[in-house]
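Pasting coords_4.pdb here (PDB, C-alpha atoms):
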ATOM      1  CA  MET A   1      45.048 114.186-116.104
ATOM      2  CA  VAL A   2      43.202 111.391-117.907
ATOM      3  CA  HIS A   3      44.914 108.004-117.850
ATOM      4  CA  ARG A   4      45.580 106.463-121.265
ATOM      5  CA  ARG A   5      43.111 103.661-120.508
ATOM      6  CA  HIS A   6      40.299 106.223-120.404
ATOM      7  CA  ASP A   7      41.522 108.910-122.826
ATOM      8  CA  PRO A   8      39.304 108.999-125.944
ATOM      9  CA  ASP A   9      41.966 110.958-127.828
ATOM     10  CA  VAL A  10      44.580 108.197-128.150
ATOM     11  CA  CYS A  11      44.916 105.639-130.915
ATOM     12  CA  GLY A  12      43.188 102.295-130.429
ATOM     13  CA  VAL A  13      46.438 100.346-130.071
ATOM     14  CA  THR A  14      47.608 102.671-127.296
ATOM     15  CA  ALA A  15      44.258 102.302-125.520
ATOM     16  CA  ALA A  16      44.434  98.497-125.775
ATOM     17  CA  ILE A  17      48.031  98.295-124.576
ATOM     18  CA  ALA A  18      47.239 100.595-121.659
ATOM     19  CA  VAL A  19      44.656  98.049-120.452
ATOM     20  CA  ILE A  20      47.125  95.134-120.535
ATOM     21  CA  GLU A  21      50.282  96.959-119.527
ATOM     22  CA  GLY A  22      52.154  95.589-116.590
ATOM     23  CA  LYS A  23      54.041  92.419-115.931
ATOM     24  CA  TRP A  24      51.160  90.077-115.093
ATOM     25  CA  LYS A  25      47.941  91.042-116.879
ATOM     26  CA  THR A  26      48.555  89.121-120.101
ATOM     27  CA  THR A  27      49.490  86.034-118.072
ATOM     28  CA  LEU A  28      46.312  86.395-116.013
ATOM     29  CA  LEU A  29      44.235  86.770-119.185
ATOM     30  CA  TRP A  30      45.851  83.626-120.569
ATOM     31  CA  LEU A  31      45.134  81.649-117.382
ATOM     32  CA  LEU A  32      41.545  82.855-117.152
ATOM     33  CA  GLU A  33      40.900  81.766-120.753
ATOM     34  CA  SER A  34      40.728  78.191-119.445
ATOM     35  CA  GLY A  35      37.924  79.072-117.030
ATOM     36  CA  PRO A  36      37.229  80.659-113.649
ATOM     37  CA  HIS A  37      39.976  80.634-111.031
ATOM     38  CA  ARG A  38      40.261  81.495-107.373
ATOM     39  CA  PRO A  39      43.016  83.997-106.469
ATOM     40  CA  ALA A  40      45.080  81.343-104.659
ATOM     41  CA  GLU A  41      45.014  79.156-107.794
ATOM     42  CA  LEU A  42      46.275  82.049-109.900
ATOM     43  CA  ARG A  43      49.098  82.749-107.440
ATOM     44  CA  ARG A  44      50.198  79.109-107.450
ATOM     45  CA  ARG A  45      50.315  79.072-111.249
ATOM     46  CA  VAL A  46      52.374  82.288-111.540
ATOM     47  CA  PRO A  47      55.659  82.079-109.617
ATOM     48  CA  GLY A  48      56.828  85.458-108.362
ATOM     49  CA  LEU A  49      53.361  87.030-108.337
ATOM     50  CA  THR A  50      52.622  88.426-104.887
ATOM     51  CA  GLU A  51      49.156  88.537-103.369
ATOM     52  CA  LYS A  52      49.240  92.342-103.302
ATOM     53  CA  VAL A  53      50.180  92.669-106.978
ATOM     54  CA  LEU A  54      47.658  89.984-107.976
ATOM     55  CA  THR A  55      44.879  91.815-106.141
ATOM     56  CA  GLN A  56      45.858  95.126-107.750
ATOM     57  CA  ALA A  57      46.004  93.631-111.265
ATOM     58  CA  LEU A  58      42.656  91.847-110.864
ATOM     59  CA  ARG A  59      41.003  95.013-109.533
ATOM     60  CA  GLU A  60      42.294  97.025-112.494
ATOM     61  CA  MET A  61      41.153  94.308-114.893
ATOM     62  CA  GLU A  62      37.731  94.296-113.227
ATOM     63  CA  THR A  63      37.497  98.094-113.484
ATOM     64  CA  ASP A  64      38.419  97.843-117.180
ATOM     65  CA  GLY A  65      35.671  95.275-117.741
ATOM     66  CA  LEU A  66      37.994  92.356-118.528
ATOM     67  CA  VAL A  67      37.222  90.117-115.555
ATOM     68  CA  HIS A  68      34.206  89.375-113.415
ATOM     69  CA  ARG A  69      34.622  88.911-109.672
ATOM     70  CA  GLU A  70      32.129  86.558-108.038
ATOM     71  CA  VAL A  71      32.020  86.485-104.232
ATOM     72  CA  TYR A  72      30.166  83.554-102.677
ATOM     73  CA  ASP A  73      28.497  83.993 -99.307
ATOM     74  CA  VAL A  74      30.093  80.983 -97.612
ATOM     75  CA  ARG A  75      32.534  80.453 -94.761
ATOM     76  CA  PRO A  76      35.380  80.813 -95.411
ATOM     77  CA  PRO A  77      34.650  83.431 -98.091
ATOM     78  CA  LYS A  78      35.121  82.247-101.659
ATOM     79  CA  THR A  79      36.018  84.565-104.540
ATOM     80  CA  VAL A  80      36.281  83.453-108.159
ATOM     81  CA  TYR A  81      37.488  85.440-111.157
ATOM     82  CA  SER A  82      36.467  84.782-114.754
ATOM     83  CA  LEU A  83      36.793  86.566-118.072
ATOM     84  CA  THR A  84      33.930  88.733-119.225
ATOM     85  CA  GLY A  85      32.870  88.713-122.857
ATOM     86  CA  PHE A  86      34.973  91.844-123.292
ATOM     87  CA  GLY A  87      37.960  90.081-121.720
ATOM     88  CA  ARG A  88      37.518  87.080-124.035
ATOM     89  CA  GLU A  89      37.335  89.456-126.991
ATOM     90  CA  LEU A  90      40.628  91.055-125.951
ATOM     91  CA  SER A  91      42.226  87.659-125.440
ATOM     92  CA  GLU A  92      41.189  86.599-128.945
ATOM     93  CA  ALA A  93      42.521  89.865-130.380
ATOM     94  CA  LEU A  94      45.878  89.199-128.706
ATOM     95  CA  GLY A  95      46.167  85.791-130.433
ATOM     96  CA  PRO A  96      47.811  87.129-133.610
ATOM     97  CA  LEU A  97      50.158  89.285-131.524
ATOM     98  CA  SER A  98      51.142  86.186-129.547
ATOM     99  CA  ASP A  99      51.803  84.315-132.800
ATOM    100  CA  TRP A 100      54.012  87.179-134.002
ATOM    101  CA  GLY A 101      55.895  87.135-130.686
ATOM    102  CA  HIS A 102      56.600  83.404-131.014
ATOM    103  CA  ARG A 103      57.867  83.899-134.582
ATOM    104  CA  ARG A 104      60.114  86.715-133.342
ATOM    105  CA  LEU A 105      61.562  84.500-130.597
ATOM    106  CA  GLU A 106      62.239  81.743-133.141
ATOM    107  CA  LYS A 107      63.959  84.272-135.424
ATOM    108  CA  LEU A 108      66.109  85.561-132.566
ATOM    109  CA  ALA A 109      67.109  82.007-131.655
ATOM    110  CA  GLY A 110      67.993  81.333-135.303
ATOM    111  CA  ASP A 111      70.016  84.545-135.513
ATOM    112  CA  ARG A 112      71.958  83.595-132.366
ATOM    113  CA  ALA A 113      72.655  80.139-133.784
ATOM    114  CA  ASP A 114      73.948  81.712-137.015
ATOM    115  CA  VAL A 115      76.296  84.002-135.075
ATOM    116  CA  THR A 116      77.561  81.062-133.004
ATOM    117  CA  ARG A 117      78.158  78.971-136.129
ATOM    118  CA  ARG A 118      80.065  81.790-137.833
ATOM    119  CA  ALA A 119      82.203  82.347-134.734
ATOM    120  CA  SER A 120      83.215  78.663-134.621
TER     121      SER A 120
END
structure tokens encoding of this file:
Amino acid sequence: MVHRRHDPDVCGVTAAIAVIEGKWKTTLLWLLESGPHRPAELRRRVPGLTEKVLTQALREMETDGLVHREVYDVRPPKTVYSLTGFGRELSEALGPLSDWGHRRLEKLAGDRADVTRRAS
């Protein structure tokens, strides 16, 4: 069975969401927008993200062409992740969706305030 990330017979939105699905990938994209990061830096900036899950997410993102993994031949070994051009393109495309999400959260907060006011 072909995974949705690689299935040419799905709509574009489904294909895009399949690449960023999961709890941490959008957060990792957001962090990597600011520049290259080492895995330990990413873990420190995302409470609750385990090393195992971080490694899995970064590997999937690398396979999907969103991040570049640079390994330096030094002791101790040094690995740095950065966005590829394709990853930056996706991040930019997610900007309007992020804006919509913030407007939705503001609306929900306003709706809750209205309900609280009416109940008082």
Query raised in the report: Contacts of Val67 of chain A at 12 Å or less, counting all atoms listed in the file, minus same-chain residues fewer than 3 places along, as a PyMOL selection string?
Result: chain A and resi 19+25+28-33+35-37+57-64+70+80-91
Save the residues we just selected, C-alpha atoms, as an mmCIF file, keeping the file's coordinate frame?
data_model
loop_
_atom_site.group_PDB
_atom_site.id
_atom_site.type_symbol
_atom_site.label_atom_id
_atom_site.label_comp_id
_atom_site.auth_asym_id
_atom_site.auth_seq_id
_atom_site.Cartn_x
_atom_site.Cartn_y
_atom_site.Cartn_z
ATOM 1 C CA VAL A 19 44.656 98.049 -120.452
ATOM 2 C CA LYS A 25 47.941 91.042 -116.879
ATOM 3 C CA LEU A 28 46.312 86.395 -116.013
ATOM 4 C CA LEU A 29 44.235 86.770 -119.185
ATOM 5 C CA TRP A 30 45.851 83.626 -120.569
ATOM 6 C CA LEU A 31 45.134 81.649 -117.382
ATOM 7 C CA LEU A 32 41.545 82.855 -117.152
ATOM 8 C CA GLU A 33 40.900 81.766 -120.753
ATOM 9 C CA GLY A 35 37.924 79.072 -117.030
ATOM 10 C CA PRO A 36 37.229 80.659 -113.649
ATOM 11 C CA HIS A 37 39.976 80.634 -111.031
ATOM 12 C CA ALA A 57 46.004 93.631 -111.265
ATOM 13 C CA LEU A 58 42.656 91.847 -110.864
ATOM 14 C CA ARG A 59 41.003 95.013 -109.533
ATOM 15 C CA GLU A 60 42.294 97.025 -112.494
ATOM 16 C CA MET A 61 41.153 94.308 -114.893
ATOM 17 C CA GLU A 62 37.731 94.296 -113.227
ATOM 18 C CA THR A 63 37.497 98.094 -113.484
ATOM 19 C CA ASP A 64 38.419 97.843 -117.180
ATOM 20 C CA GLU A 70 32.129 86.558 -108.038
ATOM 21 C CA VAL A 80 36.281 83.453 -108.159
ATOM 22 C CA TYR A 81 37.488 85.440 -111.157
ATOM 23 C CA SER A 82 36.467 84.782 -114.754
ATOM 24 C CA LEU A 83 36.793 86.566 -118.072
ATOM 25 C CA THR A 84 33.930 88.733 -119.225
ATOM 26 C CA GLY A 85 32.870 88.713 -122.857
ATOM 27 C CA PHE A 86 34.973 91.844 -123.292
ATOM 28 C CA GLY A 87 37.960 90.081 -121.720
ATOM 29 C CA ARG A 88 37.518 87.080 -124.035
ATOM 30 C CA GLU A 89 37.335 89.456 -126.991
ATOM 31 C CA LEU A 90 40.628 91.055 -125.951
ATOM 32 C CA SER A 91 42.226 87.659 -125.440
#
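Atom CA of Pro96 of chain A sits 21.1 Å away from atom CA of Gly110 of chain A.
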Query raised in the report: Looking at only C-alpha atoms, which of A:Val10, A:Pro77, A:Ser34, A:Lys23 is the one that sits closest to Val53 of chain A?
Result: A:Lys23
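Closest approach to Ala16 of chain A among A:Ala93, A:Ala40, A:Val71, A:Leu54 is made by A:Ala93 (distances from only C-alpha atoms).
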Is it possible to dump segment 49-88 of chain A as a PDB file, in the first residue's frame, including just C-alpha atoms?
ATOM      1  CA  LEU A  49       9.760  15.899  22.779  1.00  0.00           C
ATOM      2  CA  THR A  50      11.806  12.753  23.341  1.00  0.00           C
ATOM      3  CA  GLU A  51      15.071  12.031  21.567  1.00  0.00           C
ATOM      4  CA  LYS A  52      13.542   8.990  19.861  1.00  0.00           C
ATOM      5  CA  VAL A  53      10.537  10.902  18.513  1.00  0.00           C
ATOM      6  CA  LEU A  54      12.737  13.838  17.462  1.00  0.00           C
ATOM      7  CA  THR A  55      15.037  11.512  15.529  1.00  0.00           C
ATOM      8  CA  GLN A  56      12.072   9.809  13.849  1.00  0.00           C
ATOM      9  CA  ALA A  57      10.435  13.123  12.874  1.00  0.00           C
ATOM     10  CA  LEU A  58      13.694  14.565  11.513  1.00  0.00           C
ATOM     11  CA  ARG A  59      14.383  11.401   9.502  1.00  0.00           C
ATOM     12  CA  GLU A  60      10.900  11.521   7.974  1.00  0.00           C
ATOM     13  CA  MET A  61      11.312  15.222   7.219  1.00  0.00           C
ATOM     14  CA  GLU A  62      14.685  14.502   5.610  1.00  0.00           C
ATOM     15  CA  THR A  63      13.183  11.693   3.513  1.00  0.00           C
ATOM     16  CA  ASP A  64      10.407  14.073   2.417  1.00  0.00           C
ATOM     17  CA  GLY A  65      12.981  16.669   1.369  1.00  0.00           C
ATOM     18  CA  LEU A  66      12.062  19.249   4.022  1.00  0.00           C
ATOM     19  CA  VAL A  67      15.284  19.257   6.038  1.00  0.00           C
ATOM     20  CA  HIS A  68      18.955  18.786   5.307  1.00  0.00           C
ATOM     21  CA  ARG A  69      21.121  16.826   7.729  1.00  0.00           C
ATOM     22  CA  GLU A  70      24.763  17.889   7.878  1.00  0.00           C
ATOM     23  CA  VAL A  71      27.173  15.626   9.769  1.00  0.00           C
ATOM     24  CA  TYR A  72      30.558  17.137  10.614  1.00  0.00           C
ATOM     25  CA  ASP A  73      33.576  14.871  10.917  1.00  0.00           C
ATOM     26  CA  VAL A  74      34.698  16.066  14.352  1.00  0.00           C
ATOM     27  CA  ARG A  75      34.954  14.531  17.809  1.00  0.00           C
ATOM     28  CA  PRO A  76      32.455  14.405  19.356  1.00  0.00           C
ATOM     29  CA  PRO A  77      30.295  14.048  16.229  1.00  0.00           C
ATOM     30  CA  LYS A  78      28.279  17.122  15.314  1.00  0.00           C
ATOM     31  CA  THR A  79      24.994  16.986  13.398  1.00  0.00           C
ATOM     32  CA  VAL A  80      23.061  20.052  12.274  1.00  0.00           C
ATOM     33  CA  TYR A  81      19.623  20.221  10.677  1.00  0.00           C
ATOM     34  CA  SER A  82      18.409  23.026   8.426  1.00  0.00           C
ATOM     35  CA  LEU A  83      15.465  23.626   6.129  1.00  0.00           C
ATOM     36  CA  THR A  84      15.879  22.870   2.458  1.00  0.00           C
ATOM     37  CA  GLY A  85      14.417  25.198  -0.142  1.00  0.00           C
ATOM     38  CA  PHE A  86      11.461  22.823  -0.331  1.00  0.00           C
ATOM     39  CA  GLY A  87      11.055  22.994   3.451  1.00  0.00           C
ATOM     40  CA  ARG A  88      11.147  26.808   3.376  1.00  0.00           C
TER      41      ARG A  88
END
